[in-house]
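Q: Contents of query34.txt (compact mmCIF, C-alpha atoms):
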# COMPACT_ATOMS: atom_id res chain seq x y z
CA MET A 1 0.00 0.00 0.00
CA SER A 2 2.92 2.33 -0.69
CA ASP A 3 0.84 4.64 -2.85
CA TRP A 4 -1.24 5.75 0.11
CA ILE A 5 -0.22 8.91 1.97
CA SER A 6 -1.18 8.51 5.60
CA GLY A 7 -1.32 10.35 8.87
CA SER A 8 -2.92 10.10 12.25
CA VAL A 9 -4.23 12.45 14.88
CA ILE A 10 -5.76 12.18 18.33
CA ILE A 11 -9.32 13.46 18.52
CA SER A 12 -9.51 16.07 21.27
CA HIS A 13 -12.99 17.39 20.49
CA ASP A 14 -15.02 16.89 23.63
CA VAL A 15 -17.70 14.77 22.07
CA GLY A 16 -15.51 12.91 19.59
CA LEU A 17 -16.49 12.49 15.96
CA HIS A 18 -20.16 13.28 16.41
CA ALA A 19 -22.62 14.80 14.01
CA ARG A 20 -21.22 18.26 13.46
CA PRO A 21 -17.54 17.27 13.32
CA SER A 22 -18.48 14.38 11.00
CA VAL A 23 -20.20 16.75 8.58
CA LYS A 24 -17.16 19.04 8.61
CA LEU A 25 -14.76 16.18 8.01
CA THR A 26 -16.86 14.81 5.16
CA LYS A 27 -17.26 18.23 3.54
CA LEU A 28 -13.52 18.78 3.73
CA ALA A 29 -12.74 15.34 2.26
CA LYS A 30 -15.15 15.94 -0.61
CA GLY A 31 -13.07 18.93 -1.66
CA PHE A 32 -10.21 16.69 -2.75
CA ALA A 33 -9.90 14.61 -5.88
CA ALA A 34 -7.96 11.93 -3.99
CA ASP A 35 -9.63 8.92 -2.41
CA VAL A 36 -9.65 9.73 1.29
CA GLU A 37 -10.23 7.15 4.00
CA VAL A 38 -10.29 7.19 7.78
CA ALA A 39 -10.06 4.46 10.38
CA GLY A 40 -9.94 4.03 14.13
CA ASP A 41 -7.32 1.32 13.73
CA PRO A 42 -4.54 1.26 11.10
CA ALA A 43 -5.41 -2.39 10.48
CA GLY A 44 -8.83 -1.21 9.29
CA PRO A 45 -11.62 -1.22 8.48
CA TRP A 46 -10.94 1.89 6.40
CA ILE A 47 -13.95 4.06 5.75
CA ASP A 48 -14.62 6.41 2.85
CA ALA A 49 -14.18 9.86 4.42
CA LYS A 50 -16.49 11.33 1.76
CA SER A 51 -19.40 9.20 2.97
CA ILE A 52 -21.21 11.12 5.70
CA VAL A 53 -23.25 8.10 6.76
CA LYS A 54 -20.18 5.88 7.17
CA VAL A 55 -18.13 8.55 8.97
CA MET A 56 -20.94 9.19 11.41
CA ALA A 57 -21.42 5.47 11.97
CA MET A 58 -17.77 5.20 13.04
CA LYS A 59 -18.60 6.98 16.31
CA ALA A 60 -14.94 7.81 16.89
CA LYS A 61 -14.55 8.90 20.51
CA GLN A 62 -12.64 11.67 22.22
CA HIS A 63 -8.99 10.73 22.92
CA SER A 64 -9.10 8.01 20.27
CA THR A 65 -6.70 8.18 17.35
CA LEU A 66 -8.07 8.88 13.92
CA HIS A 67 -6.02 7.42 11.09
CA VAL A 68 -6.23 9.14 7.74
CA ARG A 69 -4.97 7.96 4.37
CA ALA A 70 -5.40 9.16 0.83
CA HIS A 71 -4.23 8.37 -2.61
CA GLY A 72 -4.49 10.42 -5.76
CA SER A 73 -3.11 13.67 -7.10
CA ASP A 74 -3.80 15.80 -4.04
CA ALA A 75 -3.45 13.02 -1.48
CA GLU A 76 -0.84 14.78 0.61
CA ALA A 77 -2.87 17.98 0.87
CA ALA A 78 -5.95 15.94 1.75
CA VAL A 79 -4.24 14.12 4.63
CA HIS A 80 -2.80 17.38 5.96
CA ALA A 81 -6.13 19.13 5.74
CA LEU A 82 -8.00 16.38 7.59
CA VAL A 83 -5.35 16.12 10.29
CA ASP A 84 -5.38 19.93 10.67
CA LEU A 85 -9.14 19.91 10.99
CA VAL A 86 -9.01 17.45 13.86
CA LEU A 87 -6.02 19.22 15.45
CA GLY A 88 -7.92 22.50 15.22
CA ASP A 89 -10.79 20.91 17.11
CA PHE A 90 -13.04 21.01 14.04
CA GLU A 91 -13.09 24.76 13.77
CA GLU A 92 -14.26 25.90 10.34
CA ALA A 93 -11.39 25.14 8.01
CA ALA A 94 -10.43 28.00 5.73
CA HIS A 95 -9.32 25.59 3.01
CA ALA A 96 -12.61 23.68 2.82
CA ALA A 97 -13.22 23.78 -0.90
CA GLY A 98 -16.28 25.73 -1.90
CA ALA A 99 -17.03 26.77 1.64
CA MET B 100 -19.84 21.52 -9.04
CA SER B 101 -21.66 24.81 -8.91
CA ALA B 102 -25.24 23.53 -8.92
CA LYS B 103 -26.35 21.55 -5.90
CA VAL B 104 -29.38 19.36 -5.34
CA GLY B 105 -32.00 21.05 -3.16
CA ILE B 106 -33.46 19.61 0.06
CA VAL B 107 -37.10 19.94 1.08
CA ILE B 108 -38.33 19.02 4.56
CA VAL B 109 -42.03 18.18 5.04
CA SER B 110 -43.19 17.55 8.59
CA HIS B 111 -46.56 17.50 10.31
CA SER B 112 -45.17 20.02 12.77
CA PRO B 113 -43.97 23.52 11.81
CA ASP B 114 -41.53 23.33 14.72
CA VAL B 115 -40.02 20.03 13.58
CA ALA B 116 -39.69 21.32 10.01
CA LYS B 117 -38.02 24.51 11.14
CA GLY B 118 -35.80 22.67 13.62
CA ALA B 119 -34.61 20.19 11.01
CA ALA B 120 -33.95 23.06 8.60
CA ASP B 121 -31.99 24.90 11.30
CA MET B 122 -29.81 21.82 11.79
CA VAL B 123 -29.10 21.61 8.07
CA ARG B 124 -28.25 25.30 7.92
CA GLN B 125 -25.98 25.18 10.95
CA MET B 126 -24.22 21.92 10.13
CA VAL B 127 -23.99 22.06 6.36
CA GLY B 128 -24.31 25.76 5.64
CA ASN B 129 -26.19 27.98 3.26
CA ASP B 130 -24.85 26.63 -0.02
CA VAL B 131 -27.54 23.98 -0.43
CA PRO B 132 -31.01 25.12 -1.57
CA LEU B 133 -33.41 24.35 1.26
CA GLY B 134 -37.17 24.49 1.62
CA PHE B 135 -39.31 23.37 4.52
CA CYS B 136 -42.90 23.35 5.68
CA GLY B 137 -44.98 21.89 8.44
CA GLY B 138 -48.52 22.06 9.69
CA ASN B 139 -51.90 22.42 8.03
CA PRO B 140 -53.21 25.77 6.70
CA ASP B 141 -54.93 26.43 10.06
CA GLY B 142 -51.63 26.28 11.90
CA GLY B 143 -52.31 22.89 13.50
CA LEU B 144 -50.41 19.66 13.05
CA GLY B 145 -50.68 18.23 9.56
CA THR B 146 -49.44 18.80 6.05
CA SER B 147 -50.87 20.65 3.11
CA VAL B 148 -50.26 20.26 -0.60
CA GLU B 149 -50.18 24.02 -0.98
CA LYS B 150 -47.46 24.49 1.63
CA ILE B 151 -45.47 21.60 0.18
CA LEU B 152 -45.59 23.20 -3.27
CA ALA B 153 -44.25 26.43 -1.78
CA ALA B 154 -41.49 24.53 0.03
CA ILE B 155 -40.50 22.78 -3.20
CA GLU B 156 -40.32 26.18 -4.88
CA GLN B 157 -38.21 27.49 -2.00
CA GLY B 158 -35.74 24.59 -2.18
CA TRP B 159 -35.79 24.25 -5.95
CA SER B 160 -32.68 23.38 -7.88
CA ASP B 161 -32.48 22.46 -11.56
CA LYS B 162 -30.17 19.68 -10.44
CA GLY B 163 -33.07 18.11 -8.55
CA VAL B 164 -34.83 18.14 -5.22
CA ALA B 165 -34.82 15.50 -2.49
CA ILE B 166 -37.85 15.57 -0.18
CA LEU B 167 -37.67 14.29 3.39
CA VAL B 168 -40.97 13.51 5.08
CA ASP B 169 -42.00 12.35 8.53
CA LEU B 170 -45.26 10.38 8.78
CA GLY B 171 -47.76 8.97 6.27
CA GLY B 172 -49.68 12.10 5.28
CA ALA B 173 -46.49 14.01 4.66
CA GLU B 174 -45.55 11.42 2.07
CA THR B 175 -48.93 11.15 0.34
CA ASN B 176 -49.39 14.93 0.27
CA SER B 177 -45.85 15.32 -1.07
CA GLU B 178 -46.67 12.83 -3.81
CA MET B 179 -49.81 14.83 -4.62
CA ALA B 180 -47.84 18.07 -4.71
CA VAL B 181 -45.27 16.55 -7.04
CA GLU B 182 -48.02 15.28 -9.34
CA MET B 183 -49.37 18.81 -9.69
CA LEU B 184 -46.09 20.07 -11.12
CA PRO B 185 -45.16 19.98 -14.81
CA ALA B 186 -43.60 16.70 -15.97
CA ASP B 187 -40.12 18.16 -16.44
CA LYS B 188 -40.09 19.27 -12.79
CA GLN B 189 -41.61 15.99 -11.57
CA ALA B 190 -38.70 14.12 -13.12
CA LYS B 191 -36.29 16.06 -10.90
CA ILE B 192 -37.98 15.36 -7.56
CA VAL B 193 -37.59 12.30 -5.35
CA ILE B 194 -39.07 11.45 -1.96
CA CYS B 195 -36.50 9.79 0.30
CA ASN B 196 -37.32 6.85 2.49
CA ALA B 197 -35.28 8.11 5.43
CA PRO B 198 -35.70 9.61 8.90
CA ILE B 199 -36.54 13.28 8.46
CA VAL B 200 -33.90 14.98 10.61
CA GLU B 201 -30.96 12.68 10.05
CA GLY B 202 -31.91 12.18 6.42
CA ALA B 203 -32.04 15.92 5.80
CA VAL B 204 -28.58 16.46 7.27
CA MET B 205 -27.07 13.48 5.41
CA ALA B 206 -28.74 14.40 2.13
CA ALA B 207 -27.67 18.04 2.46
CA THR B 208 -24.07 17.03 3.19
CA GLU B 209 -24.06 14.85 0.09
CA ALA B 210 -25.75 17.58 -1.96
CA TRP B 211 -23.19 20.11 -0.77
CA GLY B 212 -20.45 18.06 -2.43
CA GLY B 213 -22.23 18.35 -5.78
CA SER B 214 -23.54 14.80 -6.00
CA PRO B 215 -26.41 14.03 -8.41
CA LEU B 216 -29.95 13.50 -7.12
CA GLU B 217 -29.84 9.70 -7.07
CA VAL B 218 -26.66 9.74 -4.96
CA VAL B 219 -28.19 12.25 -2.54
CA LYS B 220 -31.27 10.03 -2.17
CA ARG B 221 -29.14 6.92 -1.71
CA THR B 222 -27.08 8.64 1.00
CA ALA B 223 -30.19 9.58 2.96
CA GLU B 224 -31.59 6.07 2.59
CA GLU B 225 -28.27 4.44 3.53
CA LEU B 226 -29.18 5.39 7.11
CA SER B 227 -32.04 2.90 7.24
CA ALA B 228 -30.03 0.21 5.48
CA THR B 229 -27.24 0.14 8.06
Take the structure in the file and write it out as C-alpha cells.

A:
Amino acid sequence: MSDWISGSVIISHDVGLHARPSVKLTKLAKGFAADVEVAGDPAGPWIDAKSIVKVMAMKAKQHSTLHVRAHGSDAEAAVHALVDLVLGDFEEAAHAAGA
Amino acid sequence: MSAKVGIVIVSHSPDVAKGAADMVRQMVGNDVPLGFCGGNPDGGLGTSVEKILAAIEQGWSDKGVAILVDLGGAETNSEMAVEMLPADKQAKIVICNAPIVEGAVMAATEAWGGSPLEVVKRTAEELSAT
C-alpha cells in the first residue's frame, strides 16, 4: 500500500467524531480529488471519508486516534487538511473547498 | 460543481420542520437550496399540498430536489404536490425513504459536495439500510 499517503491524529474534540464534526470532516474530504479514508485502527476497516453516513457510523470517541490515508493527485494535501481539521478541534477550516 | 441538489423538509409540525432546517443550515451551511414546511393551513399539526408546493419552490434546484418527510400524510401529500407540477419538474424530484432529521442532514451534506440527485437520495436512505 505504498501509494497511500497517511497520517494520524488524536481526537480532542469533547464529544468525539459526532454529528457536526463528522459533517465538517466529510465536507472537507469531498473537496479533494484523492480517495480519502479514515479508520480508528490502522489495520482497518478503512472508511470512505467522503461518505457522511459511514463517517458518522464510526462513532470515533474523544482521545481516540483517527487514522487518515489518501491516494491520488492531491493526497498529501488531503491528509494534511484532515489532520489539521481534527487538530484544530473542528473549527471551520479555511481551506474547505467551496465553503 | 456549482449547482447543488435542493433539500425539502415536510413535517406534520412547523416546529419540527423549522428545527430540522436549522440543523441543516448550521451543520452544512447555506450553499444547499433548502425548503421546509410543516402544519396544516390552520396552523395545527398536519401537512398541506399548498405548503409543500411552496417549500419545493423554496428549495428548488435544476439539479433536482430530495424531499424528506415524517409520517404517512407528509408522504402522500408530497406525492400529490409533485403530481401537480409539470412533468419536467416531476422528473427532478424524489421522496426519500429516510428519517426526516438525520436524512435531511445526510442528504444536504451529500448535496453540498455536488452529487447528483440519485446519490443524494441513496445517502439519505443508507441510514435505514445500516

Q: For Leu17 in chain A, find every residue with an atom within 7 Å (counting all atoms listed in the file), except residues of its own chain fewer than 3 positions away, and show them as a tab-separated table (two decimals) with C-alpha atoms, in the coordinates of the input.

A:
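What landed in part_6.tsv:
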chain	number	residue	atom	x	y	z
A	21	PRO	CA	-17.54	17.27	13.32
A	22	SER	CA	-18.48	14.38	11.00
A	59	LYS	CA	-18.60	6.98	16.31
A	60	ALA	CA	-14.94	7.81	16.89
A	61	LYS	CA	-14.55	8.90	20.51

Q: Can you pull out the residues contacting range 27-34 of chain A? Cut-off 9 Å, using only C-alpha atoms, and skip same-chain residues under 3 positions away; I want them as a PyMOL selection string.

A: (chain A and resi 22-24+37+49-52+70-79+81-82+85+93+95-99) or (chain B and resi 127+208-209+211-212)

Q: With C-alpha atoms retained, could you export that selection as an mmCIF file, in the coordinates of the input?

A:
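This is the output file selection-v7.cif:
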data_model
loop_
_atom_site.group_PDB
_atom_site.id
_atom_site.type_symbol
_atom_site.label_atom_id
_atom_site.label_comp_id
_atom_site.auth_asym_id
_atom_site.auth_seq_id
_atom_site.Cartn_x
_atom_site.Cartn_y
_atom_site.Cartn_z
ATOM 1 C CA SER A 22 -18.480 14.380 11.000
ATOM 2 C CA VAL A 23 -20.200 16.750 8.580
ATOM 3 C CA LYS A 24 -17.160 19.040 8.610
ATOM 4 C CA GLU A 37 -10.230 7.150 4.000
ATOM 5 C CA ALA A 49 -14.180 9.860 4.420
ATOM 6 C CA LYS A 50 -16.490 11.330 1.760
ATOM 7 C CA SER A 51 -19.400 9.200 2.970
ATOM 8 C CA ILE A 52 -21.210 11.120 5.700
ATOM 9 C CA ALA A 70 -5.400 9.160 0.830
ATOM 10 C CA HIS A 71 -4.230 8.370 -2.610
ATOM 11 C CA GLY A 72 -4.490 10.420 -5.760
ATOM 12 C CA SER A 73 -3.110 13.670 -7.100
ATOM 13 C CA ASP A 74 -3.800 15.800 -4.040
ATOM 14 C CA ALA A 75 -3.450 13.020 -1.480
ATOM 15 C CA GLU A 76 -0.840 14.780 0.610
ATOM 16 C CA ALA A 77 -2.870 17.980 0.870
ATOM 17 C CA ALA A 78 -5.950 15.940 1.750
ATOM 18 C CA VAL A 79 -4.240 14.120 4.630
ATOM 19 C CA ALA A 81 -6.130 19.130 5.740
ATOM 20 C CA LEU A 82 -8.000 16.380 7.590
ATOM 21 C CA LEU A 85 -9.140 19.910 10.990
ATOM 22 C CA ALA A 93 -11.390 25.140 8.010
ATOM 23 C CA HIS A 95 -9.320 25.590 3.010
ATOM 24 C CA ALA A 96 -12.610 23.680 2.820
ATOM 25 C CA ALA A 97 -13.220 23.780 -0.900
ATOM 26 C CA GLY A 98 -16.280 25.730 -1.900
ATOM 27 C CA ALA A 99 -17.030 26.770 1.640
ATOM 28 C CA VAL B 127 -23.990 22.060 6.360
ATOM 29 C CA THR B 208 -24.070 17.030 3.190
ATOM 30 C CA GLU B 209 -24.060 14.850 0.090
ATOM 31 C CA TRP B 211 -23.190 20.110 -0.770
ATOM 32 C CA GLY B 212 -20.450 18.060 -2.430
#

Q: Which residues are close to Asp161 in chain B, i.e. within 8 Å by all atoms listed in the file, leaving aside same-chain residues fewer than 2 positions away? Reply as a PyMOL selection string.

A: chain B and resi 102+104+159+163+191

Q: Output the selection as a PDB file, in the coordinates of the input - C-alpha atoms for each residue.

A:
ATOM      1  CA  ALA B 102     -25.240  23.530  -8.920  1.00  0.00           C
ATOM      2  CA  VAL B 104     -29.380  19.360  -5.340  1.00  0.00           C
ATOM      3  CA  TRP B 159     -35.790  24.250  -5.950  1.00  0.00           C
ATOM      4  CA  GLY B 163     -33.070  18.110  -8.550  1.00  0.00           C
ATOM      5  CA  LYS B 191     -36.290  16.060 -10.900  1.00  0.00           C
TER       6      LYS B 191
END

Q: Please return, as a PyMOL selection string, all polymer residues that have at least one atom within 10 Å of the point (-29.4, 16.0, 5.6); use all atoms listed in the file and the file's own coordinate frame.

A: (chain A and resi 23+52) or (chain B and resi 106-108+119-120+122-124+126-127+165+167+197-211+219-220+222-223)

Q: With 5 Å on each side, where is the centre of the axis-aligned box around all listed atoms of range 16-23 of chain A, and how long are its edges in Å to one decimal, as AutoDock Vina command-line options?

A:
--center_x -19.1 --center_y 15.4 --center_z 14.1 --size_x 17.1 --size_y 15.8 --size_z 21.0

Q: In terms of the shortest atom-to-atom distance over only C-alpha atoms, which of A:Ala57, A:Val38, A:Leu66, A:Ala43 is closest to chain B?

A: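 Selected residue with least distance to chain B: A:Ala57.
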
Q: Calculated over all atoms listed in the file, which of the candidates B:Lys150, B:Lys162, B:Lys188, B:Lys103 has the smallest distance to chain A?

A: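 Comparing B:Lys150, B:Lys162, B:Lys188, B:Lys103 against chain A, the winner is B:Lys103.
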
Q: Can you work out the spacing between CA of Ala228 in chain B and CA of Ile194 in chain B in Å, to one decimal?

A: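 Between CA of Ala228 in chain B and CA of Ile194 in chain B the gap works out to 16.2 Å.
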
Q: In Å, how far is it from CA of Gln157 in chain B to CA of Pro132 in chain B?

A: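 Spanning CA of Gln157 in chain B to CA of Pro132 in chain B is a straight-line distance of 7.6 Å.
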